[in-house]
Amino acid sequence: NYPMKNGVVDASQSYADGIKPIDMSTQFPPELLLCEVSFREAKRFCEKNGISIYNATRGGKLEVFNRISLEHDNTVRLCAKIEYDGTSKVMFFEVDCKWKNYLCTENIDAFVSGLLYFAICNGYDIRSEATINYRLHYQIVNYVIPVLHSIDNEEYHDIQLNTGIDHLKFDNEKAVGTAVSGGVDSFYSVVKHTCDVQDEYRLTHLLVANLFNIYESENQTRDKFSKLTMQSKAIGDEMGLEVISVYTNHHEFMYNHFVSLYSYRLCSYVFALQ
């Protein structure tokens, strides 16, 4: 997506720095129909195998794939590449740029927690050169995996957690948060921790995430989540609490076991912002 002048790319106005102009007279014109057929076949194959493809280009005429923006309208992402069974996907946690300094890039607690149930159910060992906190590692290895495996050794596999271990202590701002959905359960937690509570547990923030809002298309999912975020911010404004909105593609890895996944996913949002 570069502006053209007399058949030559104008690099001075391109999105990338240092791109040399290309003489289009030496290039073969693209077979647009063949390209679209190829893209549609790629989409069909990937959807059949549980893989999502998104169009992240600026502008253009390709509408085969759902569009996403790498800029995400003033948002930023914490990402990790996840590989399993010959498949490679990027899992992400997306927040407003206001919270970018709080995304945890020091370890992978968020990704291990978020994908733990997925790995246990599918019998995937978790391997990474990155680290997780020693306390989280201890709890997973000594309690979560063996307890689930003892409950149902066919459904829950005895997997290995092979990562580095860290003893990091984060110098955070001592904020206190809880999730808000607008339902009675979340309101109980909000009220419980805003009235007659010790300062260490008094709420300063509310968190809203796309736990439930998964629809047929990415555009529909984002639209519904945007409305949920606005509703949550109305609650936060009335109670004097800031709202942190977290959007993820967690559902692309596992969604059928939603109730069982719920707690793992919530923990992963907290770890992403620790």
# chains A, B, ... in the order shown; residues from 1 in each chain; ligands from 1
call {"tool": "select_by_dssp", "arguments": {"residues": "stretch 35-109 of chain A", "states": "alpha helix (DSSP H)", "output": "PDB file with N, CA and C atoms, in the first residue's frame"}}
result
ATOM      1  N   CYS A  35      -5.535 -15.045  -7.756  1.00  0.00           N
ATOM      2  CA  CYS A  35      -5.159 -14.745  -6.367  1.00  0.00           C
ATOM      3  C   CYS A  35      -6.349 -14.926  -5.427  1.00  0.00           C
ATOM      4  N   GLU A  36      -7.518 -14.418  -5.833  1.00  0.00           N
ATOM      5  CA  GLU A  36      -8.690 -14.521  -4.972  1.00  0.00           C
ATOM      6  C   GLU A  36      -9.110 -15.975  -4.799  1.00  0.00           C
ATOM      7  N   VAL A  37      -9.066 -16.741  -5.877  1.00  0.00           N
ATOM      8  CA  VAL A  37      -9.402 -18.173  -5.788  1.00  0.00           C
ATOM      9  C   VAL A  37      -8.453 -18.878  -4.819  1.00  0.00           C
ATOM     10  N   SER A  38      -7.175 -18.528  -4.903  1.00  0.00           N
ATOM     11  CA  SER A  38      -6.177 -19.135  -4.020  1.00  0.00           C
ATOM     12  C   SER A  38      -6.423 -18.757  -2.569  1.00  0.00           C
ATOM     13  N   PHE A  39      -6.756 -17.494  -2.325  1.00  0.00           N
ATOM     14  CA  PHE A  39      -7.024 -17.042  -0.965  1.00  0.00           C
ATOM     15  C   PHE A  39      -8.258 -17.737  -0.391  1.00  0.00           C
ATOM     16  N   ARG A  40      -9.288 -17.886  -1.216  1.00  0.00           N
ATOM     17  CA  ARG A  40     -10.503 -18.545  -0.743  1.00  0.00           C
ATOM     18  C   ARG A  40     -10.243 -20.021  -0.409  1.00  0.00           C
ATOM     19  N   GLU A  41      -9.409 -20.668  -1.203  1.00  0.00           N
ATOM     20  CA  GLU A  41      -9.067 -22.061  -0.937  1.00  0.00           C
ATOM     21  C   GLU A  41      -8.250 -22.162   0.358  1.00  0.00           C
ATOM     22  N   ALA A  42      -7.335 -21.203   0.563  1.00  0.00           N
ATOM     23  CA  ALA A  42      -6.548 -21.179   1.799  1.00  0.00           C
ATOM     24  C   ALA A  42      -7.452 -20.969   3.007  1.00  0.00           C
ATOM     25  N   LYS A  43      -8.441 -20.083   2.864  1.00  0.00           N
ATOM     26  CA  LYS A  43      -9.369 -19.833   3.957  1.00  0.00           C
ATOM     27  C   LYS A  43     -10.187 -21.078   4.270  1.00  0.00           C
ATOM     28  N   ARG A  44     -10.672 -21.763   3.213  1.00  0.00           N
ATOM     29  CA  ARG A  44     -11.469 -22.976   3.416  1.00  0.00           C
ATOM     30  C   ARG A  44     -10.664 -24.041   4.151  1.00  0.00           C
ATOM     31  N   PHE A  45      -9.412 -24.249   3.708  1.00  0.00           N
ATOM     32  CA  PHE A  45      -8.564 -25.271   4.327  1.00  0.00           C
ATOM     33  C   PHE A  45      -8.271 -24.929   5.786  1.00  0.00           C
ATOM     34  N   CYS A  46      -7.951 -23.665   6.051  1.00  0.00           N
ATOM     35  CA  CYS A  46      -7.593 -23.265   7.414  1.00  0.00           C
ATOM     36  C   CYS A  46      -8.788 -23.352   8.363  1.00  0.00           C
ATOM     37  N   GLU A  47      -9.957 -22.906   7.909  1.00  0.00           N
ATOM     38  CA  GLU A  47     -11.139 -22.988   8.766  1.00  0.00           C
ATOM     39  C   GLU A  47     -11.481 -24.437   9.087  1.00  0.00           C
ATOM     40  N   LYS A  48     -11.272 -25.337   8.121  1.00  0.00           N
ATOM     41  CA  LYS A  48     -11.517 -26.760   8.334  1.00  0.00           C
ATOM     42  C   LYS A  48     -10.602 -27.317   9.412  1.00  0.00           C
ATOM     43  N   ASP A 109       3.711 -15.889  32.431  1.00  0.00           N
ATOM     44  CA  ASP A 109       2.660 -16.364  33.334  1.00  0.00           C
ATOM     45  C   ASP A 109       1.284 -16.341  32.666  1.00  0.00           C
TER      46      ASP A 109
END
call {"tool": "select_by_dssp", "arguments": {"residues": "stretch 53-242 of chain A", "states": "strand (DSSP E)", "output": "MDAnalysis selection string"}}
result
chainID A and resid 54:55 66:67 75:84 87:96 126:133 161:166 177:179 205:209 242
call {"tool": "closest_atom_pairs", "arguments": {"of": "stretch 88-117 of chain A", "to": "stretch 168-187 of chain A", "cutoff": "9 Å", "atoms": "only C-alpha atoms", "output": "JSON lines"}}
result
{"residue": "A:Tyr102", "atom": "CA", "partner": "A:Asn172", "partner_atom": "CA", "distance": 8.2}
{"residue": "A:Glu106", "atom": "CA", "partner": "A:Leu168", "partner_atom": "CA", "distance": 8.4}
{"residue": "A:Asn107", "atom": "CA", "partner": "A:Leu168", "partner_atom": "CA", "distance": 8.9}
call {"tool": "atom_distance", "arguments": {"atom1": "atom CA of A:Ile108", "atom2": "atom CA of A:Ile132"}}
result
5.5 Å
call {"tool": "residues_around", "arguments": {"residues": "A:Tyr269", "least_positions_apart": "5", "cutoff": "12 Å", "atoms": "only C-alpha atoms", "output": "ChimeraX atom specification"}}
result
/A:78,92-95,102-104,108-115,177-179,207-211,244-250,262-264,274
call {"tool": "closest_residue", "arguments": {"among": "A:Glu218, A:Glu63, A:Asp166, A:Glu83", "to": "A:Tyr138", "atoms": "only C-alpha atoms"}}
result
A:Asp166
